[in-house]
Structure formats: C-alpha cells, structure tokens
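> One file: protein31.cif (mmCIF, C-alpha atoms).
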```cif
data_data
#
loop_
_atom_site.group_PDB
_atom_site.id
_atom_site.type_symbol
_atom_site.label_atom_id
_atom_site.label_comp_id
_atom_site.auth_asym_id
_atom_site.auth_seq_id
_atom_site.Cartn_x
_atom_site.Cartn_y
_atom_site.Cartn_z
ATOM 1 C CA MET A 1 -7.340 25.244 -9.403
ATOM 2 C CA GLN A 2 -11.019 24.557 -8.922
ATOM 3 C CA GLU A 3 -11.739 23.675 -12.551
ATOM 4 C CA THR A 4 -13.874 20.592 -12.863
ATOM 5 C CA GLN A 5 -12.600 17.648 -14.850
ATOM 6 C CA THR A 6 -15.919 16.333 -16.031
ATOM 7 C CA GLU A 7 -14.858 15.973 -19.642
ATOM 8 C CA ALA A 8 -11.449 14.668 -18.689
ATOM 9 C CA VAL A 9 -12.973 12.107 -16.375
ATOM 10 C CA ARG A 10 -15.027 10.739 -19.258
ATOM 11 C CA ALA A 11 -12.092 10.757 -21.619
ATOM 12 C CA ARG A 12 -9.157 8.380 -21.607
ATOM 13 C CA LEU A 13 -6.040 10.396 -21.043
ATOM 14 C CA TYR A 14 -2.597 9.881 -22.584
ATOM 15 C CA LEU A 15 0.566 11.254 -21.012
ATOM 16 C CA ASP A 16 0.305 14.119 -23.523
ATOM 17 C CA ASP A 17 -3.040 15.138 -21.980
ATOM 18 C CA LEU A 18 -1.641 15.538 -18.452
ATOM 19 C CA HIS A 19 -0.053 18.601 -16.898
ATOM 20 C CA ALA A 20 1.137 19.645 -13.447
ATOM 21 C CA GLY A 21 -1.679 21.122 -11.390
ATOM 22 C CA GLN A 22 -4.439 19.075 -13.058
ATOM 23 C CA ARG A 23 -6.956 17.886 -10.455
ATOM 24 C CA PHE A 24 -9.293 14.928 -10.212
ATOM 25 C CA THR A 25 -11.875 14.045 -7.571
ATOM 26 C CA THR A 26 -13.435 10.617 -7.122
ATOM 27 C CA GLY A 27 -16.849 9.543 -5.988
ATOM 28 C CA SER A 28 -17.096 8.341 -2.403
ATOM 29 C CA TYR A 29 -16.989 5.005 -0.568
ATOM 30 C CA ALA A 30 -18.630 4.181 2.776
ATOM 31 C CA VAL A 31 -16.696 1.932 5.149
ATOM 32 C CA ASP A 32 -18.346 -0.143 7.882
ATOM 33 C CA ALA A 33 -17.067 -2.322 10.719
ATOM 34 C CA ALA A 34 -17.821 -5.573 8.878
ATOM 35 C CA GLN A 35 -15.651 -4.527 5.918
ATOM 36 C CA ILE A 36 -12.827 -3.469 8.239
ATOM 37 C CA LYS A 37 -12.851 -6.845 9.996
ATOM 38 C CA GLU A 38 -13.155 -8.840 6.765
ATOM 39 C CA PHE A 39 -10.123 -7.094 5.246
ATOM 40 C CA ALA A 40 -8.183 -7.556 8.484
ATOM 41 C CA ARG A 41 -8.918 -11.278 8.671
ATOM 42 C CA ALA A 42 -7.501 -11.686 5.165
ATOM 43 C CA PHE A 43 -4.519 -9.320 5.259
ATOM 44 C CA ASP A 44 -3.868 -7.647 8.599
ATOM 45 C CA PRO A 45 -5.103 -9.793 11.488
ATOM 46 C CA GLN A 46 -4.293 -7.535 14.429
ATOM 47 C CA PRO A 47 -6.644 -6.829 17.376
ATOM 48 C CA PHE A 48 -7.207 -3.126 16.586
ATOM 49 C CA HIS A 49 -8.527 -4.102 13.126
ATOM 50 C CA LEU A 50 -10.556 -7.142 14.218
ATOM 51 C CA ASP A 51 -12.459 -6.459 17.405
ATOM 52 C CA GLU A 52 -13.976 -3.349 18.998
ATOM 53 C CA ALA A 53 -13.271 -4.335 22.602
ATOM 54 C CA ALA A 54 -9.675 -5.370 21.952
ATOM 55 C CA ALA A 55 -9.127 -2.207 19.874
ATOM 56 C CA ALA A 56 -10.324 0.023 22.705
ATOM 57 C CA ALA A 57 -7.311 -1.036 24.788
ATOM 58 C CA THR A 58 -4.751 -0.143 22.082
ATOM 59 C CA MET A 59 -3.275 3.179 20.927
ATOM 60 C CA PHE A 60 -6.080 3.362 18.350
ATOM 61 C CA GLY A 61 -8.695 3.569 21.145
ATOM 62 C CA GLY A 62 -11.268 1.769 18.984
ATOM 63 C CA LEU A 63 -11.719 -0.216 15.796
ATOM 64 C CA ALA A 64 -9.582 1.146 12.947
ATOM 65 C CA ALA A 65 -9.115 -0.014 9.362
ATOM 66 C CA SER A 66 -5.779 -1.411 8.245
ATOM 67 C CA GLY A 67 -3.809 1.210 6.343
ATOM 68 C CA TRP A 68 -3.678 -1.305 3.482
ATOM 69 C CA HIS A 69 -7.468 -1.386 3.493
ATOM 70 C CA THR A 70 -7.522 2.401 3.146
ATOM 71 C CA ALA A 71 -5.019 1.977 0.292
ATOM 72 C CA GLY A 72 -7.265 -0.597 -1.402
ATOM 73 C CA ILE A 73 -10.358 1.606 -1.119
ATOM 74 C CA THR A 74 -8.345 4.537 -2.475
ATOM 75 C CA MET A 75 -7.270 2.425 -5.453
ATOM 76 C CA ARG A 76 -10.824 1.358 -6.164
ATOM 77 C CA LEU A 77 -11.997 4.979 -6.124
ATOM 78 C CA LEU A 78 -9.131 6.022 -8.412
ATOM 79 C CA VAL A 79 -9.852 3.184 -10.851
ATOM 80 C CA GLU A 80 -13.604 3.724 -10.988
ATOM 81 C CA THR A 81 -13.967 7.497 -10.859
ATOM 82 C CA GLY A 82 -10.554 9.039 -10.305
ATOM 83 C CA LEU A 83 -7.854 8.905 -12.945
ATOM 84 C CA PRO A 84 -9.076 8.102 -16.465
ATOM 85 C CA LEU A 85 -5.703 7.060 -17.883
ATOM 86 C CA VAL A 86 -5.290 5.167 -21.140
ATOM 87 C CA GLY A 87 -4.170 1.659 -20.296
ATOM 88 C CA GLY A 88 -5.383 1.923 -16.698
ATOM 89 C CA ILE A 89 -3.686 2.914 -13.475
ATOM 90 C CA ILE A 90 -0.333 1.141 -13.354
ATOM 91 C CA GLY A 91 1.845 2.132 -10.433
ATOM 92 C CA ALA A 92 5.587 1.613 -10.293
ATOM 93 C CA GLY A 93 5.592 2.654 -6.658
ATOM 94 C CA GLY A 94 5.337 5.661 -4.423
ATOM 95 C CA GLU A 95 5.216 7.078 -0.934
ATOM 96 C CA ILE A 96 2.313 6.436 1.394
ATOM 97 C CA SER A 97 1.364 7.733 4.812
ATOM 98 C CA TRP A 98 -1.637 7.432 7.089
ATOM 99 C CA PRO A 99 -2.042 10.590 9.215
ATOM 100 C CA LYS A 100 -5.242 9.235 10.799
ATOM 101 C CA PRO A 101 -6.932 5.833 10.693
ATOM 102 C CA THR A 102 -10.116 5.081 8.761
ATOM 103 C CA ARG A 103 -12.954 4.318 11.196
ATOM 104 C CA PRO A 104 -16.286 2.475 10.893
ATOM 105 C CA GLY A 105 -18.846 4.830 9.372
ATOM 106 C CA ASP A 106 -16.263 6.881 7.465
ATOM 107 C CA VAL A 107 -17.079 7.962 3.924
ATOM 108 C CA LEU A 108 -13.909 8.348 1.875
ATOM 109 C CA THR A 109 -13.220 10.504 -1.185
ATOM 110 C CA VAL A 110 -9.904 10.854 -3.039
ATOM 111 C CA PHE A 111 -8.557 14.217 -4.204
ATOM 112 C CA SER A 112 -5.685 13.953 -6.690
ATOM 113 C CA VAL A 113 -3.362 16.460 -8.268
ATOM 114 C CA VAL A 114 -0.785 15.848 -11.003
ATOM 115 C CA GLU A 115 2.588 16.951 -9.639
ATOM 116 C CA GLU A 116 4.890 16.153 -12.562
ATOM 117 C CA VAL A 117 4.771 14.653 -16.052
ATOM 118 C CA ILE A 118 7.988 12.906 -17.070
ATOM 119 C CA PRO A 119 8.323 11.534 -20.642
ATOM 120 C CA SER A 120 10.601 8.508 -20.827
ATOM 121 C CA ARG A 121 14.001 9.107 -22.448
ATOM 122 C CA SER A 122 14.494 5.471 -23.415
ATOM 123 C CA ARG A 123 10.913 4.572 -24.384
ATOM 124 C CA PRO A 124 9.205 7.125 -26.619
ATOM 125 C CA ASP A 125 5.839 5.359 -26.303
ATOM 126 C CA ARG A 126 5.367 6.096 -22.591
ATOM 127 C CA GLY A 127 6.264 8.166 -19.581
ATOM 128 C CA MET A 128 5.670 8.591 -15.872
ATOM 129 C CA VAL A 129 3.331 10.859 -14.043
ATOM 130 C CA ARG A 130 3.661 11.676 -10.368
ATOM 131 C CA VAL A 131 0.248 12.074 -8.743
ATOM 132 C CA ARG A 132 -0.488 13.096 -5.156
ATOM 133 C CA SER A 133 -3.751 11.593 -3.908
ATOM 134 C CA GLU A 134 -5.243 12.583 -0.567
ATOM 135 C CA THR A 135 -7.922 10.317 0.807
ATOM 136 C CA ARG A 136 -10.241 12.279 3.085
ATOM 137 C CA ASN A 137 -13.116 11.274 5.315
ATOM 138 C CA GLN A 138 -16.498 13.009 5.680
ATOM 139 C CA ARG A 139 -14.974 15.489 8.165
ATOM 140 C CA ASP A 140 -12.345 16.443 5.545
ATOM 141 C CA GLU A 141 -9.632 14.789 7.642
ATOM 142 C CA VAL A 142 -6.817 13.224 5.623
ATOM 143 C CA VAL A 143 -6.569 9.474 6.304
ATOM 144 C CA GLN A 144 -4.012 8.712 3.596
ATOM 145 C CA VAL A 145 -1.550 10.570 1.383
ATOM 146 C CA LEU A 146 -0.217 8.623 -1.590
ATOM 147 C CA VAL A 147 2.335 10.123 -3.966
ATOM 148 C CA ALA A 148 2.428 7.563 -6.753
ATOM 149 C CA LYS A 149 4.503 7.169 -9.894
ATOM 150 C CA LEU A 150 2.262 5.891 -12.650
ATOM 151 C CA ILE A 151 3.228 4.557 -16.079
ATOM 152 C CA VAL A 152 1.171 6.246 -18.823
ATOM 153 C CA PRO A 153 1.298 5.647 -22.601
ATOM 154 C CA ARG A 154 1.959 8.526 -25.002
ATOM 155 C CA ARG A 155 -0.502 9.294 -27.747
ATOM 156 C CA PRO A 156 0.483 7.370 -30.882
ATOM 157 C CA THR A 157 1.798 9.649 -33.599
ATOM 158 C CA MET B 1 24.087 -10.725 8.910
ATOM 159 C CA GLN B 2 22.853 -14.280 8.527
ATOM 160 C CA GLU B 3 21.992 -14.826 12.184
ATOM 161 C CA THR B 4 18.630 -16.461 12.652
ATOM 162 C CA GLN B 5 16.013 -14.741 14.749
ATOM 163 C CA THR B 6 14.202 -17.782 16.041
ATOM 164 C CA GLU B 7 14.134 -16.615 19.628
ATOM 165 C CA ALA B 8 13.360 -13.068 18.636
ATOM 166 C CA VAL B 9 10.512 -14.216 16.443
ATOM 167 C CA ARG B 10 8.897 -15.914 19.432
ATOM 168 C CA ALA B 11 9.480 -12.965 21.698
ATOM 169 C CA ARG B 12 7.599 -9.675 21.667
ATOM 170 C CA LEU B 13 10.091 -6.973 20.910
ATOM 171 C CA TYR B 14 10.232 -3.447 22.305
ATOM 172 C CA LEU B 15 12.056 -0.622 20.556
ATOM 173 C CA ASP B 16 14.931 -1.272 22.968
ATOM 174 C CA ASP B 17 15.320 -4.788 21.541
ATOM 175 C CA LEU B 18 15.806 -3.613 17.950
ATOM 176 C CA HIS B 19 19.038 -2.627 16.224
ATOM 177 C CA ALA B 20 20.101 -1.765 12.679
ATOM 178 C CA GLY B 21 21.001 -4.848 10.677
ATOM 179 C CA GLN B 22 18.603 -7.160 12.530
ATOM 180 C CA ARG B 23 16.884 -9.537 10.104
ATOM 181 C CA PHE B 24 13.560 -11.341 10.061
ATOM 182 C CA THR B 25 12.159 -13.833 7.561
ATOM 183 C CA THR B 26 8.488 -14.796 7.309
ATOM 184 C CA GLY B 27 6.797 -18.012 6.341
ATOM 185 C CA SER B 28 5.422 -18.187 2.816
ATOM 186 C CA TYR B 29 2.079 -17.581 1.106
ATOM 187 C CA ALA B 30 0.847 -19.171 -2.130
ATOM 188 C CA VAL B 31 -1.147 -16.963 -4.508
ATOM 189 C CA ASP B 32 -3.568 -18.333 -7.085
ATOM 190 C CA ALA B 33 -5.619 -16.796 -9.902
ATOM 191 C CA ALA B 34 -8.866 -16.916 -7.915
ATOM 192 C CA GLN B 35 -7.347 -14.852 -5.076
ATOM 193 C CA ILE B 36 -5.926 -12.337 -7.562
ATOM 194 C CA LYS B 37 -9.337 -11.846 -9.196
ATOM 195 C CA GLU B 38 -11.212 -11.675 -5.879
ATOM 196 C CA PHE B 39 -8.917 -8.938 -4.559
ATOM 197 C CA ALA B 40 -9.179 -7.074 -7.865
ATOM 198 C CA ARG B 41 -12.979 -7.168 -7.874
ATOM 199 C CA ALA B 42 -12.987 -5.584 -4.412
ATOM 200 C CA PHE B 43 -10.153 -3.059 -4.717
ATOM 201 C CA ASP B 44 -8.533 -2.816 -8.153
ATOM 202 C CA PRO B 45 -10.991 -3.774 -10.900
ATOM 203 C CA GLN B 46 -8.738 -3.456 -13.960
ATOM 204 C CA PRO B 47 -8.574 -5.992 -16.830
ATOM 205 C CA PHE B 48 -4.991 -7.153 -16.142
ATOM 206 C CA HIS B 49 -6.028 -8.165 -12.595
ATOM 207 C CA LEU B 50 -9.416 -9.678 -13.492
ATOM 208 C CA ASP B 51 -9.210 -11.795 -16.631
ATOM 209 C CA GLU B 52 -6.451 -13.854 -18.257
ATOM 210 C CA ALA B 53 -7.455 -13.123 -21.859
ATOM 211 C CA ALA B 54 -7.846 -9.391 -21.324
ATOM 212 C CA ALA B 55 -4.568 -9.312 -19.374
ATOM 213 C CA ALA B 56 -2.678 -10.977 -22.237
ATOM 214 C CA ALA B 57 -3.297 -7.910 -24.410
ATOM 215 C CA THR B 58 -1.874 -5.451 -21.836
ATOM 216 C CA MET B 59 1.692 -4.520 -20.872
ATOM 217 C CA PHE B 60 1.502 -7.222 -18.180
ATOM 218 C CA GLY B 61 1.149 -9.925 -20.858
ATOM 219 C CA GLY B 62 -0.962 -12.082 -18.545
ATOM 220 C CA LEU B 63 -2.865 -12.061 -15.268
ATOM 221 C CA ALA B 64 -1.042 -10.108 -12.553
ATOM 222 C CA ALA B 65 -1.953 -9.321 -8.953
ATOM 223 C CA SER B 66 -2.698 -5.754 -7.936
ATOM 224 C CA GLY B 67 0.295 -4.212 -6.222
ATOM 225 C CA TRP B 68 -2.039 -3.533 -3.291
ATOM 226 C CA HIS B 69 -2.771 -7.253 -3.114
ATOM 227 C CA THR B 70 0.966 -7.942 -2.899
ATOM 228 C CA ALA B 71 1.087 -5.303 -0.147
ATOM 229 C CA GLY B 72 -1.754 -7.018 1.724
ATOM 230 C CA ILE B 73 -0.114 -10.438 1.504
ATOM 231 C CA THR B 74 3.165 -8.908 2.670
ATOM 232 C CA MET B 75 1.400 -7.380 5.667
ATOM 233 C CA ARG B 76 -0.215 -10.681 6.575
ATOM 234 C CA LEU B 77 3.136 -12.455 6.449
ATOM 235 C CA LEU B 78 4.752 -9.726 8.581
ATOM 236 C CA VAL B 79 1.930 -9.877 11.143
ATOM 237 C CA GLU B 80 1.839 -13.669 11.417
ATOM 238 C CA THR B 81 5.492 -14.659 11.186
ATOM 239 C CA GLY B 82 7.561 -11.578 10.426
ATOM 240 C CA LEU B 83 7.999 -8.802 12.942
ATOM 241 C CA PRO B 84 7.148 -9.721 16.547
ATOM 242 C CA LEU B 85 6.740 -6.193 17.852
ATOM 243 C CA VAL B 86 5.075 -5.343 21.138
ATOM 244 C CA GLY B 87 1.770 -3.687 20.392
ATOM 245 C CA GLY B 88 1.688 -5.032 16.842
ATOM 246 C CA ILE B 89 2.823 -3.662 13.510
ATOM 247 C CA ILE B 90 1.639 -0.059 13.301
ATOM 248 C CA GLY B 91 2.863 1.810 10.263
ATOM 249 C CA ALA B 92 2.961 5.591 9.989
ATOM 250 C CA GLY B 93 3.843 5.284 6.318
ATOM 251 C CA GLY B 94 6.676 4.446 3.985
ATOM 252 C CA GLU B 95 7.905 3.951 0.451
ATOM 253 C CA ILE B 96 6.677 1.127 -1.725
ATOM 254 C CA SER B 97 7.644 -0.159 -5.154
ATOM 255 C CA TRP B 98 6.742 -3.144 -7.278
ATOM 256 C CA PRO B 99 9.696 -4.156 -9.479
ATOM 257 C CA LYS B 100 7.753 -7.126 -10.902
ATOM 258 C CA PRO B 101 4.118 -8.216 -10.588
ATOM 259 C CA THR B 102 2.929 -11.155 -8.495
ATOM 260 C CA ARG B 103 1.595 -13.901 -10.781
ATOM 261 C CA PRO B 104 -0.784 -16.845 -10.263
ATOM 262 C CA GLY B 105 1.186 -19.714 -8.730
ATOM 263 C CA ASP B 106 3.704 -17.467 -7.012
ATOM 264 C CA VAL B 107 4.784 -18.322 -3.482
ATOM 265 C CA LEU B 108 5.790 -15.193 -1.582
ATOM 266 C CA THR B 109 8.165 -14.757 1.365
ATOM 267 C CA VAL B 110 9.152 -11.504 3.069
ATOM 268 C CA PHE B 111 12.738 -10.704 4.067
ATOM 269 C CA SER B 112 13.068 -7.753 6.428
ATOM 270 C CA VAL B 113 15.995 -5.828 7.816
ATOM 271 C CA VAL B 114 15.930 -3.098 10.452
ATOM 272 C CA GLU B 115 17.543 -0.002 8.919
ATOM 273 C CA GLU B 116 17.262 2.495 11.753
ATOM 274 C CA VAL B 117 15.922 2.767 15.305
ATOM 275 C CA ILE B 118 14.769 6.277 16.247
ATOM 276 C CA PRO B 119 13.620 6.966 19.840
ATOM 277 C CA SER B 120 11.041 9.730 20.034
ATOM 278 C CA ARG B 121 12.270 13.021 21.489
ATOM 279 C CA SER B 122 8.825 14.171 22.554
ATOM 280 C CA ARG B 123 7.371 10.828 23.706
ATOM 281 C CA PRO B 124 9.693 8.805 25.927
ATOM 282 C CA ASP B 125 7.360 5.781 25.808
ATOM 283 C CA ARG B 126 7.844 5.055 22.108
ATOM 284 C CA GLY B 127 9.927 5.465 18.971
ATOM 285 C CA MET B 128 10.076 4.692 15.292
ATOM 286 C CA VAL B 129 11.850 1.924 13.502
ATOM 287 C CA ARG B 130 12.560 1.984 9.773
ATOM 288 C CA VAL B 131 12.305 -1.510 8.298
ATOM 289 C CA ARG B 132 13.036 -2.536 4.707
ATOM 290 C CA SER B 133 10.951 -5.541 3.650
ATOM 291 C CA GLU B 134 11.543 -7.306 0.343
ATOM 292 C CA THR B 135 8.782 -9.607 -0.832
ATOM 293 C CA ARG B 136 10.232 -12.303 -3.085
ATOM 294 C CA ASN B 137 8.657 -15.045 -5.169
ATOM 295 C CA GLN B 138 9.774 -18.672 -5.446
ATOM 296 C CA ARG B 139 12.385 -17.678 -8.073
ATOM 297 C CA ASP B 140 13.871 -15.171 -5.610
ATOM 298 C CA GLU B 141 12.623 -12.284 -7.746
ATOM 299 C CA VAL B 142 11.628 -9.179 -5.789
ATOM 300 C CA VAL B 143 7.958 -8.315 -6.357
ATOM 301 C CA GLN B 144 7.762 -5.571 -3.727
ATOM 302 C CA VAL B 145 10.083 -3.388 -1.687
ATOM 303 C CA LEU B 146 8.537 -1.640 1.290
ATOM 304 C CA VAL B 147 10.534 0.708 3.501
ATOM 305 C CA ALA B 148 8.148 1.335 6.377
ATOM 306 C CA LYS B 149 8.244 3.563 9.429
ATOM 307 C CA LEU B 150 6.724 1.669 12.328
ATOM 308 C CA ILE B 151 5.706 2.962 15.747
ATOM 309 C CA VAL B 152 7.141 0.763 18.524
ATOM 310 C CA PRO B 153 6.723 1.121 22.300
ATOM 311 C CA ARG B 154 9.764 1.364 24.579
ATOM 312 C CA ARG B 155 10.205 -1.090 27.389
ATOM 313 C CA PRO B 156 8.610 0.319 30.558
ATOM 314 C CA THR B 157 11.204 1.317 33.135
#
```
I need this file expressed as structure tokens, please.


Amino acid sequence: MQETQTEAVRARLYLDDLHAGQRFTTGSYAVDAAQIKEFARAFDPQPFHLDEAAAAATMFGGLAASGWHTAGITMRLLVETGLPLVGGIIGAGGEISWPKPTRPGDVLTVFSVVEEVIPSRSRPDRGMVRVRSETRNQRDEVVQVLVAKLIVPRRPT
Amino acid sequence: MQETQTEAVRARLYLDDLHAGQRFTTGSYAVDAAQIKEFARAFDPQPFHLDEAAAAATMFGGLAASGWHTAGITMRLLVETGLPLVGGIIGAGGEISWPKPTRPGDVLTVFSVVEEVIPSRSRPDRGMVRVRSETRNQRDEVVQVLVAKLIVPRRPT
C-alpha cells in the first residue's frame, strides 16, 4: 500500500495500466488569504470567503476558502503531479464533500487511490476509472474528499 | 411546479421556509474563451482548456471549459440570484456530473429544485436541504447537474 509511484508518475498511463489499490500522491500547494478572496470575488462572493471580520461572525468563525476553490486547487495538483493519465484527467462526474474548510496558510496535498477500473462495453477504446482523492492540509486534516469517475483511453492494440 | 419565486428570491429563507418541489431560477452568465483559459491556467492546465488548436485534436474537439469552471460559475449564479438562504449557501457536499462541456460563447443559467428538507436531530437550530441544480446553456443543453446538501439555519423561535 505504501509503494511509491515514481515511475508511474513519470509515465503516461492507459486504462490497462491501472488497478484497484494503486496510489498516487501530489506535490503541495500553499493557500493564502489573498487567493481565497480573489477566488471568492469571481465565483463565490459570500462574506465568509471575502472578509476576515465578516467571516468571524459566521459559522466558519473566520476566513474560509470556497469549497469550489479547494476543488480547483485539488484539480491543479492532480493535473500537475497527481494522475499521469494518457489524454489527461477528464471527469464525467463524481461525489464531493468538504469535511473541513481550507483556511489561509493551509498547505494542501492530494492523496489518491484507484477504487475500480471499468472497461467500456460499448467503446473498446476506452473505459472509466473511479478514483478517490483526499485533499489534506498540513495537519493531515481532510478538507475535501472527491470520488471521481474519469474517462481513460485503452492502450491501442 | 411552474410557480415563480420572485418574492422568495428577495427574501432570506430559513429551513422552515423550504419545501420539496420549490424551484429557483438564476440570472445568466456569458462565458468566453479568455475566461476559460484564465481559469484553466489557474486550476486545470490541460490542453483542451487552454488552446483552441490543441483542443481540436482531443476528444473535446475544440476548446472546452474545465468542469470546475462550470461549477464555479454555477456557484456564483446561485449566490447572486439563485438560492436566497439565510446565512448563505454552505455546502457539505454533493454529487456532480458534466453531461456536456461548457464552450466559448455559452450563456449559462441554473435551474434548481428543492428535493428534500431534513431537520437535524442533534442540532435544533439547523438542518440540511438537498437541492438539485441543473446548469443549462443557451440551447437548453445541460452542462452540469449538481445535487448538493446545504446547511440551512432554522428560524429562531
């Protein structure tokens, strides 16, 4: 379970190269208050994402990143250092939850595990892989769980 | 089912004001190629989100927005004109899918329906509401379905 994926991370993986239990770990990403507010102004303009004083009076008790910001950072980590899939990371959808908010000063890392590999019955050139990705902060607290269905090409025969 | 929510949209709704079947429609948001590329550079730097020519050679067949960009735009529409909840829109999580990509020139609108209202057993001051939000483009094609669990305060007694 603790095997490193150094070679795999350098390679470009086809569906045929994936198996349940395979693990991938990304690099890390530091989040600051300015980034949290900039994302919020563009996509989630609510007081607890925009302003420290206003946030203190809400159930967050202080500035917190939008969950969609955490999702965006997670995606960037997966794309750059996480899942080296042929054709890129193309999600059909998935389940997402945010057990805790991302805070200013957090450093996020994404830990992924392949849960299932599902060849397509109708399209022999591709399949789906279900991947569970936990985004954790520097205290190892989980700020996001994403179970995503990704479309992955099969190795040409 | 077709009742308008004009009054509700102006009001600030508590959990007690919500019921299954209640509908909300947002304003609209126009997406262009520059926005798609800017989001992608920050959060999803893959060729089909960054460059028209590179995108043409992928399964997208042309520039497409990151699904997380569609999610961000959906959130902005919900916050500004969609779901007038007391305390704001605070998601614990949900299910998301992207049946089609958002393209440059698309104009998105979000159509939401309350699916279930669930008072908390342990916390009498709040509850959860499950809301299904379809994000549609100007051709009425669904580009995202989000079924979100939101935390909503109860009206103080």

> Got a sec: who's within 12 Å of Thr157 (chain A), counting only C-alpha atoms, leaving out chain neighbours fewer than 5 positions off, as a VMD selection string?

chain A and resid 14 16 124 to 125

> List, as a VMD selection string, every residue that the PyMOL selection byres ((chain A) within 8 of (chain B)) selects in the file provided.

chain A and resid 42 to 46 58 67 to 68 71 to 73 75 to 76 79 to 80 87 to 88 91 to 99

> Which residue gives the smallest distance to Gln22 (chain A) among A:Ala34, A:Leu83, A:Val142, A:Met128, with all atoms listed in the file counted?

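Among the listed residues, A:Leu83 lies closest to Gln22 (chain A).
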
> Between CA of Gly61 (chain B) and CA of Arg123 (chain A), what is the distance in Å, rounded to a tenth?

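If I compute the distance from CA of Gly61 (chain B) to CA of Arg123 (chain A), I get 17.8 Å.
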
> Which polymer residues have any atom within 8 Å of an atom of Leu85 (chain B), counting only C-alpha atoms, with same-chain residues fewer than 6 positions away left out, as a PyMOL selection string?

chain B and resi 12-14+152

> Those same residues, written as a PDB file, in the coordinates of the input with C-alpha atoms?


```
ATOM      1  CA  ARG B  12       7.599  -9.675  21.667  1.00  0.00           C
ATOM      2  CA  LEU B  13      10.091  -6.973  20.910  1.00  0.00           C
ATOM      3  CA  TYR B  14      10.232  -3.447  22.305  1.00  0.00           C
ATOM      4  CA  VAL B 152       7.141   0.763  18.524  1.00  0.00           C
TER       5      VAL B 152
END
```

> Nearest to Arg23 (chain B): which of B:Arg132, B:Pro156, B:Ile151, B:Val113 is it, counting all atoms listed in the file?

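Looking only at the distances to Arg23 (chain B), the closest residue turns out to be B:Val113.
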
> Just give me the gap between CA of Val31 (chain A) and CA of Leu50 (chain B) in Å, one decimal is fine.

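CA of Leu50 (chain B) lies 23.1 Å from CA of Val31 (chain A).
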
> List the residues matched by the PyMOL selection byres ((chain A and resi 107) around 12) in the displayed structure as a CSV table (one decimal) with C-alpha atoms, in the coordinates of the input, ordered by chain and then by residue number.


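In the end it all went to expr_29.csv:
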```csv
chain,number,residue,atom,x,y,z
A,26,THR,CA,-13.4,10.6,-7.1
A,27,GLY,CA,-16.8,9.5,-6.0
A,28,SER,CA,-17.1,8.3,-2.4
A,29,TYR,CA,-17.0,5.0,-0.6
A,30,ALA,CA,-18.6,4.2,2.8
A,31,VAL,CA,-16.7,1.9,5.1
A,32,ASP,CA,-18.3,-0.1,7.9
A,70,THR,CA,-7.5,2.4,3.1
A,73,ILE,CA,-10.4,1.6,-1.1
A,74,THR,CA,-8.3,4.5,-2.5
A,77,LEU,CA,-12.0,5.0,-6.1
A,102,THR,CA,-10.1,5.1,8.8
A,103,ARG,CA,-13.0,4.3,11.2
A,104,PRO,CA,-16.3,2.5,10.9
A,105,GLY,CA,-18.8,4.8,9.4
A,106,ASP,CA,-16.3,6.9,7.5
A,108,LEU,CA,-13.9,8.3,1.9
A,109,THR,CA,-13.2,10.5,-1.2
A,110,VAL,CA,-9.9,10.9,-3.0
A,135,THR,CA,-7.9,10.3,0.8
A,136,ARG,CA,-10.2,12.3,3.1
A,137,ASN,CA,-13.1,11.3,5.3
A,138,GLN,CA,-16.5,13.0,5.7
A,139,ARG,CA,-15.0,15.5,8.2
A,140,ASP,CA,-12.3,16.4,5.5
A,141,GLU,CA,-9.6,14.8,7.6
A,142,VAL,CA,-6.8,13.2,5.6
A,143,VAL,CA,-6.6,9.5,6.3
```

> Can you tell me how far CA of His19 (chain B) sits from CA of Pro153 (chain B), in Å to one decimal?

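Between CA of His19 (chain B) and CA of Pro153 (chain B) the gap is 14.2 Å.
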